[in-house]
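First up is the structure itself, then whatever we jot down about it.
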Amino acid sequence: MQESCSSLQQQRYIALLRARLSKKRLTHSMNVAASARALAERWNADADWAYLGGLLHDICKELPFPQQAELMENAVPSACKEEWESKPVWHGIAAESYLRVELGIENRDVLYAVRFHTVGRGGMSRLEEIIYMADLISADRTYRDADHFRKLAMNDLDKAMFEALQYAMDTSLRKGNLIIPYTADAYNHYLRIMNQRKK
């Protein structure tokens with residue numbers, strides 16, 4: 001499983017998702033997988049692993065919170081205080097543990113892409129960036145800036161990440177939510193990239 005992800009394995013995971021997710025969440029997961037594959041092909045990343053990360057990113061989304069919390073206890077890296085206080089991000093952390101412990105997936109890029117798909121982090125790998133953006137631009141997304149992010153992600157991934165994180169931070173501030181330190185680190189990382197371009 002470490003070196004490649006075959007189409008037979010992908011079909012097995014799709015069957016698993018059908019058993020675990022609502023129709024709406026399954027559709028979203030399939031859409032994210034398709035967007036991740038397209039982005040991977042555009043940005044020279046492994047398309048099969050990108051597809052798998054997109055497919056499995058929400059595998060724990062509909063678990064009851066106590067079950068998510070139990071899985072989070074074994075997550076790598078461990079959840080920070082602000083993540084424990086922010087239930088909407090639990091499913092990504094729980095999913096990293098589930099993929100690694102229950103499914104035996106060892107690919108660090110995939111595990112981190114799933115772990116950080118809601119919060120981001122500084123120094124994300126290309127695959128992590130792809131899953132983060134694929135979740136934001138999947139075909140089922142209908143928010144006002146979705147088309148803008150779809151175009152930007154295919155043309156300038158660093159700028160897309162910067163604007164996406166800016167969008168995430170603005171949304172959290174408007175809602176009065178905690179700012180996750182990983183998200184702040186990610187924002188600062190891409191802000192530095194944008195500032196460097198101006199020099």
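The way I read the labels, and the way they are meant: chains A, B, ... in the order of the structure tokens, residue 1 as the first residue of every chain, and ligand 1 as the first ligand shown, with later ones counted on from there.
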Which of range 12-199 of chain A DSSP labels helix (DSSP H, G or I), written as number ranges by chain:
A: 12-20, 23-42, 47-56, 65-72, 81-84, 87-102, 108-115, 126-137, 146-155, 157-175, 181-197
Now that the selection is made, can you save its residues with C-alpha atoms as a CSV table (one decimal), in the first residue's frame?
chain,number,residue,atom,x,y,z
A,12,ARG,CA,-12.6,-1.0,-1.9
A,13,TYR,CA,-12.4,2.4,-0.2
A,14,ILE,CA,-15.4,3.7,-2.1
A,15,ALA,CA,-17.4,0.7,-0.9
A,16,LEU,CA,-16.3,1.5,2.7
A,17,LEU,CA,-17.4,5.1,2.2
A,18,ARG,CA,-20.8,4.0,1.0
A,19,ALA,CA,-21.2,2.1,4.3
A,20,ARG,CA,-20.1,5.0,6.4
A,23,LYS,CA,-25.4,10.1,0.1
A,24,LYS,CA,-24.6,13.8,0.3
A,25,ARG,CA,-21.3,13.3,2.0
A,26,LEU,CA,-20.3,10.5,-0.3
A,27,THR,CA,-21.0,12.7,-3.3
A,28,HIS,CA,-18.8,15.4,-1.8
A,29,SER,CA,-16.0,13.0,-1.2
A,30,MET,CA,-16.2,11.7,-4.8
A,31,ASN,CA,-16.1,15.3,-6.0
A,32,VAL,CA,-13.1,16.2,-3.8
A,33,ALA,CA,-11.3,13.1,-5.1
A,34,ALA,CA,-12.0,14.2,-8.7
A,35,SER,CA,-10.8,17.8,-8.0
A,36,ALA,CA,-7.7,16.4,-6.3
A,37,ARG,CA,-6.8,14.2,-9.3
A,38,ALA,CA,-7.2,17.2,-11.6
A,39,LEU,CA,-5.0,19.4,-9.4
A,40,ALA,CA,-2.4,16.7,-9.1
A,41,GLU,CA,-2.2,16.3,-12.8
A,42,ARG,CA,-1.9,20.1,-13.2
A,47,ALA,CA,-2.7,11.6,-9.1
A,48,ASP,CA,-3.6,8.3,-7.5
A,49,TRP,CA,-2.6,9.3,-4.0
A,50,ALA,CA,-4.3,12.7,-4.5
A,51,TYR,CA,-7.5,10.9,-5.5
A,52,LEU,CA,-7.2,8.7,-2.4
A,53,GLY,CA,-6.7,11.6,0.0
A,54,GLY,CA,-9.7,13.4,-1.5
A,55,LEU,CA,-11.8,10.3,-1.3
A,56,LEU,CA,-11.0,9.6,2.4
A,65,PHE,CA,-18.2,13.3,18.4
A,66,PRO,CA,-17.3,10.8,21.2
A,67,GLN,CA,-16.0,8.4,18.6
A,68,GLN,CA,-14.1,11.2,16.8
A,69,ALA,CA,-12.6,12.2,20.1
A,70,GLU,CA,-11.5,8.6,20.8
A,71,LEU,CA,-9.8,8.4,17.4
A,72,MET,CA,-8.2,11.8,18.0
A,81,LYS,CA,-5.7,22.8,22.6
A,82,GLU,CA,-7.6,25.0,20.1
A,83,GLU,CA,-8.4,22.0,18.0
A,84,TRP,CA,-9.9,20.1,21.0
A,87,LYS,CA,-15.4,20.3,17.1
A,88,PRO,CA,-15.9,21.1,13.4
A,89,VAL,CA,-12.2,20.3,12.8
A,90,TRP,CA,-12.2,17.0,14.7
A,91,HIS,CA,-13.1,14.8,11.8
A,92,GLY,CA,-9.9,15.5,9.9
A,93,ILE,CA,-7.8,14.7,12.9
A,94,ALA,CA,-9.8,11.5,13.7
A,95,ALA,CA,-9.5,10.5,10.0
A,96,GLU,CA,-5.7,10.6,10.1
A,97,SER,CA,-5.8,8.1,13.0
A,98,TYR,CA,-8.4,5.9,11.3
A,99,LEU,CA,-6.5,5.8,8.0
A,100,ARG,CA,-3.2,4.9,9.7
A,101,VAL,CA,-4.4,2.5,12.5
A,102,GLU,CA,-7.5,0.9,11.0
A,108,ARG,CA,2.7,10.4,5.2
A,109,ASP,CA,1.6,12.8,2.5
A,110,VAL,CA,-1.9,11.3,2.4
A,111,LEU,CA,-2.1,11.1,6.2
A,112,TYR,CA,-1.1,14.7,6.7
A,113,ALA,CA,-3.3,15.9,3.8
A,114,VAL,CA,-6.3,14.3,5.5
A,115,ARG,CA,-5.2,15.5,9.0
A,126,ARG,CA,2.2,19.7,-2.6
A,127,LEU,CA,-0.3,16.9,-1.9
A,128,GLU,CA,-1.5,18.6,1.3
A,129,GLU,CA,-2.1,21.8,-0.7
A,130,ILE,CA,-4.0,19.8,-3.3
A,131,ILE,CA,-6.4,18.2,-0.8
A,132,TYR,CA,-6.9,21.5,1.0
A,133,MET,CA,-7.9,23.2,-2.2
A,134,ALA,CA,-9.8,20.3,-3.7
A,135,ASP,CA,-12.1,20.3,-0.6
A,136,LEU,CA,-12.7,24.1,-1.2
A,137,ILE,CA,-13.4,23.8,-4.9
A,146,ALA,CA,-16.0,29.0,-5.4
A,147,ASP,CA,-15.5,29.7,-9.1
A,148,HIS,CA,-12.7,32.2,-8.3
A,149,PHE,CA,-10.9,29.6,-6.2
A,150,ARG,CA,-11.4,26.9,-8.9
A,151,LYS,CA,-9.7,29.1,-11.5
A,152,LEU,CA,-6.9,30.3,-9.2
A,153,ALA,CA,-6.1,26.7,-8.0
A,154,MET,CA,-5.4,25.7,-11.6
A,155,ASN,CA,-3.3,28.8,-12.3
A,157,LEU,CA,-1.4,27.2,-6.3
A,158,ASP,CA,0.6,29.4,-3.8
A,159,LYS,CA,-1.8,32.3,-4.4
A,160,ALA,CA,-4.8,30.1,-4.1
A,161,MET,CA,-3.5,28.7,-0.8
A,162,PHE,CA,-2.9,32.3,0.5
A,163,GLU,CA,-6.3,33.5,-0.5
A,164,ALA,CA,-8.0,30.3,0.8
A,165,LEU,CA,-6.3,30.7,4.2
A,166,GLN,CA,-7.2,34.4,4.2
A,167,TYR,CA,-10.8,33.4,3.5
A,168,ALA,CA,-10.7,30.8,6.3
A,169,MET,CA,-9.3,33.2,8.8
A,170,ASP,CA,-11.8,35.9,7.9
A,171,THR,CA,-14.7,33.4,8.2
A,172,SER,CA,-13.5,32.3,11.6
A,173,LEU,CA,-13.2,35.8,12.9
A,174,ARG,CA,-16.6,36.8,11.6
A,175,LYS,CA,-18.1,33.7,13.4
A,181,PRO,CA,-2.5,27.9,15.5
A,182,TYR,CA,-1.8,25.6,12.5
A,183,THR,CA,-4.0,27.9,10.4
A,184,ALA,CA,-2.2,31.0,11.5
A,185,ASP,CA,1.1,29.3,10.7
A,186,ALA,CA,-0.1,28.4,7.3
A,187,TYR,CA,-1.4,31.9,6.6
A,188,ASN,CA,2.0,33.4,7.7
A,189,HIS,CA,3.8,30.9,5.5
A,190,TYR,CA,1.9,31.8,2.3
A,191,LEU,CA,1.9,35.5,3.2
A,192,ARG,CA,5.7,35.3,3.2
A,193,ILE,CA,5.7,33.7,-0.2
A,194,MET,CA,3.4,36.5,-1.5
A,195,ASN,CA,5.6,39.2,0.0
A,196,GLN,CA,8.7,37.6,-1.4
A,197,ARG,CA,7.2,37.8,-4.9
With distances taken over only C-alpha atoms, the candidate from A:Leu103, A:Leu21, A:Ile180, A:Ile59 nearest Thr118 in chain A is A:Ile180
